[in-house]
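In what follows, a structure is listed as structure tokens, so that the remarks can point back to it.
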Amino acid sequence: MVTQEQRKRQLAREKFLRQQQRRTAARRKARVRNSVIASVLGVVVIGSLALYTTGVLKDDDKTNASAETSPSAAATSKAPDPCEKAAAGKVKTETWKKEPTMSIDKSAKYTLDLATTCGEIDIALKASAAPHTVNSFDFLAGKGYFDHTKCHRLTTSGIYVLQCGDPTGSGSGGPGYTIPDENLKDKSLKSNVYPAGTVAMANTGQAHTGGSQFFLVYQDSQLPPSYTPFGTISEAGMKVLKKIAAAGESTGAGDGAPNATVVINKATVTKS
């Protein structure tokens, strides 16, 4: 017997999947259009990869993963913004054609520190289980790719994630390359649930389409094991994440831009 809550979650996931299919089709048309323009102008146009979330996540589902709700959706009154003013600086728009060469030590421990306007979110990275993903984050963080970027999507219904990692803030941005899916049989993923504290990659809904967008799970979320889990948020980081979630999202429909002004002032990967 399917309970009302299970049916609600199922409908939410189906909605996310439909949204991602529409986004993927739109991006495909945009890439075709850009290639035509490029041939006419004699310029090389590199279309951004859209990493969004199926739930979130399709660039992730967090994941993912950029809110696509009806303009007529009734928005609730906003809670006070719990975050501070962003540090001065500009978002970088550089892209790369190929995944960076593997340079991390798979046997070493790495942490990702997100210094956000809402507080520090520290993440223990799973280098041995998801080396391509951790290597990509090490590369991008070293290039300042995530600095001054907004976390553009908060989902508060069906799944419970904050999505970040898109310099455009639209849900369609990416580094220009993709990385393979990894660690999809992580022991933490039981019964198709991404537990609170998980950090995973967003994607387009297709295999091996992760780029730079990722999602942070603030409450257990039922999702298919299709989004690379590559990190675990610290206890202190979870408090920051829950503070962001408590402020709600902008549409009142459970999927939109966070009311909290979440900006990553600086992202740093450290080897220990």
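Residues are referred to by chain and number: the chain letter is A, B, ... according to the order shown in the structure tokens, the number counts from 1 in that chain, and ligands are numbered separately from 1 in the order shown.
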Counting only C-alpha atoms, give me one row per residue of region 134-253 of chain A with an atom at most 10 Å from an atom of region 259-266 of chain A, showing the shortest contact pair and its distance in Å to one decimal, sorted by chain then residue number, as a tab-separated table.
```
residue	atom	partner	partner_atom	distance
A:Ala141	CA	A:Lys266	CA	8.3
A:Gly144	CA	A:Lys266	CA	7.5
A:Tyr145	CA	A:Lys266	CA	9.2
A:Phe146	CA	A:Ile264	CA	6.7
A:Asp147	CA	A:Lys266	CA	4.6
A:His148	CA	A:Asn265	CA	4.8
A:Thr149	CA	A:Ile264	CA	5.5
A:Lys150	CA	A:Val263	CA	4.3
A:Cys151	CA	A:Val262	CA	5.5
A:His152	CA	A:Val262	CA	8.0
A:Arg153	CA	A:Asn259	CA	9.7
A:Leu154	CA	A:Asn259	CA	8.7
A:Leu162	CA	A:Val262	CA	9.7
A:Cys164	CA	A:Ile264	CA	8.7
A:Gly165	CA	A:Ile264	CA	8.9
A:Leu241	CA	A:Val262	CA	9.9
A:Lys243	CA	A:Ala260	CA	8.7
A:Ile244	CA	A:Ala260	CA	5.8
A:Ala245	CA	A:Ala260	CA	8.1
A:Ala246	CA	A:Ala260	CA	8.9
A:Ala247	CA	A:Asn259	CA	5.8
A:Gly248	CA	A:Asn259	CA	5.7
A:Glu249	CA	A:Asn259	CA	5.0
A:Ser250	CA	A:Asn259	CA	5.6
A:Thr251	CA	A:Asn259	CA	9.3
```
Same residues, C-alpha atoms, saved as a short mmCIF file (atom, residue, chain, number, x, y, z; two decimals), in the first residue's frame:
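Output contents, as saved in selection-v6.cif:
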```
data_model
loop_
_atom_site.label_atom_id
_atom_site.label_comp_id
_atom_site.auth_asym_id
_atom_site.auth_seq_id
_atom_site.Cartn_x
_atom_site.Cartn_y
_atom_site.Cartn_z
CA ALA A 141 38.92 25.41 -6.94
CA GLY A 144 39.00 30.20 -8.54
CA TYR A 145 36.12 28.80 -10.58
CA PHE A 146 33.67 28.62 -7.67
CA ASP A 147 34.64 31.92 -6.06
CA HIS A 148 31.86 34.54 -5.91
CA THR A 149 29.28 32.13 -7.33
CA LYS A 150 25.75 31.82 -5.95
CA CYS A 151 24.12 28.64 -4.79
CA HIS A 152 21.18 28.98 -7.13
CA ARG A 153 18.66 26.34 -6.11
CA LEU A 154 17.03 25.10 -2.93
CA LEU A 162 20.97 23.04 -1.92
CA CYS A 164 25.68 25.15 -6.19
CA GLY A 165 28.58 25.23 -8.63
CA LEU A 241 23.26 24.32 5.60
CA LYS A 243 20.17 27.64 8.49
CA ILE A 244 20.05 28.25 4.75
CA ALA A 245 17.26 25.71 4.29
CA ALA A 246 15.25 27.18 7.16
CA ALA A 247 15.04 30.50 5.29
CA GLY A 248 13.13 28.72 2.52
CA GLU A 249 13.04 29.21 -1.23
CA SER A 250 11.63 32.02 -3.34
CA THR A 251 8.65 30.42 -5.10
#
```
Residue neighbourhood region 188-201 of chain A, 6 Å, only C-alpha atoms, exclusion window fewer than 4 positions, as a ChimeraX atom specification: /A:60,214-224,227-233
Would you put the residues from that selection into a file with C-alpha atoms, as a PDB file, in the first residue's frame?
```pdb
ATOM      1  CA  ASP A  60      22.313  17.664  -9.164  1.00  0.00           C
ATOM      2  CA  PHE A 214      26.823  19.783  -7.084  1.00  0.00           C
ATOM      3  CA  PHE A 215      24.251  19.498  -4.335  1.00  0.00           C
ATOM      4  CA  LEU A 216      24.381  19.366  -0.561  1.00  0.00           C
ATOM      5  CA  VAL A 217      21.781  17.213   1.189  1.00  0.00           C
ATOM      6  CA  TYR A 218      20.396  18.758   4.388  1.00  0.00           C
ATOM      7  CA  GLN A 219      17.775  16.059   5.032  1.00  0.00           C
ATOM      8  CA  ASP A 220      17.553  12.438   3.891  1.00  0.00           C
ATOM      9  CA  SER A 221      16.393  12.477   0.263  1.00  0.00           C
ATOM     10  CA  GLN A 222      15.099   9.590  -1.815  1.00  0.00           C
ATOM     11  CA  LEU A 223      16.853   9.615  -5.177  1.00  0.00           C
ATOM     12  CA  PRO A 224      18.035   6.990  -7.639  1.00  0.00           C
ATOM     13  CA  TYR A 227      24.572  11.102  -8.728  1.00  0.00           C
ATOM     14  CA  THR A 228      28.188  10.665  -7.707  1.00  0.00           C
ATOM     15  CA  PRO A 229      28.493  10.981  -3.912  1.00  0.00           C
ATOM     16  CA  PHE A 230      31.926  12.468  -3.332  1.00  0.00           C
ATOM     17  CA  GLY A 231      31.898  14.144   0.069  1.00  0.00           C
ATOM     18  CA  THR A 232      30.466  14.381   3.560  1.00  0.00           C
ATOM     19  CA  ILE A 233      29.611  17.661   5.306  1.00  0.00           C
TER      20      ILE A 233
END
```
Å distance separating CA of Asp181 (chain A) from CA of Val240 (chain A), one decimal place: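 Value for the CA of Asp181 (chain A)-CA of Val240 (chain A) distance: 27.7 Å.
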Compile the contact shell of Leu125 (chain A) as number ranges by chain: residues with an atom at most 12 Å away, counting only C-alpha atoms, same-chain residues fewer than 3 positions apart removed. A: 104, 106-113, 122, 128-138, 197-200, 228-234, 268-272
Give the strand (DSSP E or B) residues of region 98-200 of chain A, as assigned by DSSP on the backbone, as a PDB file with N, CA and C atoms, in the first residue's frame.
```
ATOM      1  N   TYR A 110      41.505  14.628   1.430  1.00  0.00           N
ATOM      2  CA  TYR A 110      41.276  15.976   0.920  1.00  0.00           C
ATOM      3  C   TYR A 110      40.011  16.539   1.549  1.00  0.00           C
ATOM      4  N   THR A 111      40.021  17.836   1.759  1.00  0.00           N
ATOM      5  CA  THR A 111      38.825  18.520   2.246  1.00  0.00           C
ATOM      6  C   THR A 111      38.512  19.692   1.325  1.00  0.00           C
ATOM      7  N   LEU A 112      37.225  19.971   1.198  1.00  0.00           N
ATOM      8  CA  LEU A 112      36.755  21.125   0.442  1.00  0.00           C
ATOM      9  C   LEU A 112      36.134  22.102   1.427  1.00  0.00           C
ATOM     10  N   ASP A 113      36.661  23.297   1.471  1.00  0.00           N
ATOM     11  CA  ASP A 113      36.109  24.328   2.356  1.00  0.00           C
ATOM     12  C   ASP A 113      35.375  25.353   1.510  1.00  0.00           C
ATOM     13  N   LEU A 114      34.080  25.497   1.773  1.00  0.00           N
ATOM     14  CA  LEU A 114      33.282  26.518   1.106  1.00  0.00           C
ATOM     15  C   LEU A 114      33.082  27.659   2.097  1.00  0.00           C
ATOM     16  N   ALA A 115      33.774  28.744   1.866  1.00  0.00           N
ATOM     17  CA  ALA A 115      33.615  29.925   2.712  1.00  0.00           C
ATOM     18  C   ALA A 115      32.468  30.729   2.119  1.00  0.00           C
ATOM     19  N   THR A 116      31.274  30.561   2.681  1.00  0.00           N
ATOM     20  CA  THR A 116      30.094  31.197   2.119  1.00  0.00           C
ATOM     21  C   THR A 116      29.672  32.415   2.947  1.00  0.00           C
ATOM     22  N   GLY A 119      28.294  31.193   6.245  1.00  0.00           N
ATOM     23  CA  GLY A 119      29.167  30.477   7.160  1.00  0.00           C
ATOM     24  C   GLY A 119      30.023  29.463   6.426  1.00  0.00           C
ATOM     25  N   GLU A 120      30.920  28.828   7.157  1.00  0.00           N
ATOM     26  CA  GLU A 120      31.843  27.858   6.577  1.00  0.00           C
ATOM     27  C   GLU A 120      31.174  26.489   6.445  1.00  0.00           C
ATOM     28  N   ILE A 121      31.310  25.894   5.273  1.00  0.00           N
ATOM     29  CA  ILE A 121      30.826  24.531   5.048  1.00  0.00           C
ATOM     30  C   ILE A 121      32.041  23.682   4.665  1.00  0.00           C
ATOM     31  N   ASP A 122      32.461  22.839   5.607  1.00  0.00           N
ATOM     32  CA  ASP A 122      33.620  21.981   5.374  1.00  0.00           C
ATOM     33  C   ASP A 122      33.159  20.600   4.932  1.00  0.00           C
ATOM     34  N   ILE A 123      33.842  20.060   3.934  1.00  0.00           N
ATOM     35  CA  ILE A 123      33.432  18.786   3.342  1.00  0.00           C
ATOM     36  C   ILE A 123      34.638  17.858   3.242  1.00  0.00           C
ATOM     37  N   ALA A 124      34.511  16.664   3.803  1.00  0.00           N
ATOM     38  CA  ALA A 124      35.538  15.640   3.647  1.00  0.00           C
ATOM     39  C   ALA A 124      35.304  14.947   2.313  1.00  0.00           C
ATOM     40  N   LEU A 125      36.312  14.980   1.446  1.00  0.00           N
ATOM     41  CA  LEU A 125      36.166  14.434   0.096  1.00  0.00           C
ATOM     42  C   LEU A 125      36.575  12.964   0.027  1.00  0.00           C
ATOM     43  N   THR A 149      30.456  32.695  -6.677  1.00  0.00           N
ATOM     44  CA  THR A 149      29.275  32.128  -7.331  1.00  0.00           C
ATOM     45  C   THR A 149      28.143  31.912  -6.322  1.00  0.00           C
ATOM     46  N   LYS A 150      26.921  32.025  -6.801  1.00  0.00           N
ATOM     47  CA  LYS A 150      25.748  31.818  -5.955  1.00  0.00           C
ATOM     48  C   LYS A 150      25.327  30.353  -5.956  1.00  0.00           C
ATOM     49  N   ARG A 153      19.907  27.108  -6.231  1.00  0.00           N
ATOM     50  CA  ARG A 153      18.656  26.344  -6.110  1.00  0.00           C
ATOM     51  C   ARG A 153      18.533  25.661  -4.751  1.00  0.00           C
ATOM     52  N   LEU A 154      17.356  25.781  -4.176  1.00  0.00           N
ATOM     53  CA  LEU A 154      17.032  25.099  -2.925  1.00  0.00           C
ATOM     54  C   LEU A 154      15.737  24.327  -3.141  1.00  0.00           C
ATOM     55  N   THR A 155      15.768  23.047  -2.839  1.00  0.00           N
ATOM     56  CA  THR A 155      14.575  22.220  -2.967  1.00  0.00           C
ATOM     57  C   THR A 155      14.130  21.791  -1.575  1.00  0.00           C
ATOM     58  N   VAL A 161      17.709  19.570  -0.814  1.00  0.00           N
ATOM     59  CA  VAL A 161      19.084  19.845  -1.217  1.00  0.00           C
ATOM     60  C   VAL A 161      19.292  21.313  -1.571  1.00  0.00           C
ATOM     61  N   LEU A 162      20.525  21.734  -1.442  1.00  0.00           N
ATOM     62  CA  LEU A 162      20.972  23.043  -1.919  1.00  0.00           C
ATOM     63  C   LEU A 162      21.926  22.773  -3.064  1.00  0.00           C
ATOM     64  N   GLN A 163      21.699  23.416  -4.202  1.00  0.00           N
ATOM     65  CA  GLN A 163      22.538  23.186  -5.385  1.00  0.00           C
ATOM     66  C   GLN A 163      23.421  24.393  -5.671  1.00  0.00           C
ATOM     67  N   CYS A 164      24.676  24.110  -5.952  1.00  0.00           N
ATOM     68  CA  CYS A 164      25.680  25.152  -6.188  1.00  0.00           C
ATOM     69  C   CYS A 164      26.568  24.745  -7.365  1.00  0.00           C
ATOM     70  N   ILE A 179      32.736  14.768 -16.459  1.00  0.00           N
ATOM     71  CA  ILE A 179      33.502  13.753 -15.741  1.00  0.00           C
ATOM     72  C   ILE A 179      32.625  12.508 -15.582  1.00  0.00           C
ATOM     73  N   LYS A 190      21.574   3.764   0.860  1.00  0.00           N
ATOM     74  CA  LYS A 190      20.753   2.599   1.142  1.00  0.00           C
ATOM     75  C   LYS A 190      19.298   2.876   0.772  1.00  0.00           C
ATOM     76  N   VAL A 193      18.362   6.219  -0.937  1.00  0.00           N
ATOM     77  CA  VAL A 193      18.314   7.424  -0.116  1.00  0.00           C
ATOM     78  C   VAL A 193      19.712   8.022  -0.017  1.00  0.00           C
ATOM     79  N   TYR A 194      19.803   9.312  -0.345  1.00  0.00           N
ATOM     80  CA  TYR A 194      21.036  10.066  -0.119  1.00  0.00           C
ATOM     81  C   TYR A 194      20.894  10.698   1.265  1.00  0.00           C
ATOM     82  N   THR A 198      25.350  14.368   2.769  1.00  0.00           N
ATOM     83  CA  THR A 198      25.990  13.921   1.528  1.00  0.00           C
ATOM     84  C   THR A 198      26.205  15.100   0.574  1.00  0.00           C
ATOM     85  N   VAL A 199      27.333  15.083  -0.120  1.00  0.00           N
ATOM     86  CA  VAL A 199      27.570  16.028  -1.212  1.00  0.00           C
ATOM     87  C   VAL A 199      27.718  15.196  -2.482  1.00  0.00           C
ATOM     88  N   ALA A 200      26.948  15.508  -3.511  1.00  0.00           N
ATOM     89  CA  ALA A 200      26.946  14.702  -4.723  1.00  0.00           C
ATOM     90  C   ALA A 200      26.881  15.594  -5.961  1.00  0.00           C
TER      91      ALA A 200
END
```
Hey, can you check how far CA of Gly169 (chain A) sits from CA of Val91 (chain A)?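 It comes out at 10.1 Å.
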One decimal, in Å: what's the spacing between CA of Leu184 (chain A) and CA of Lys126 (chain A)?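 About the pair CA of Leu184 (chain A) and CA of Lys126 (chain A): they are 12.3 Å apart.
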From a DSSP calculation on the backbone, collect every residue of region 38-268 of chain A in helix (DSSP H, G or I) and output the set as a ChimeraX atom specification. /A:38-41,131-142,235-246
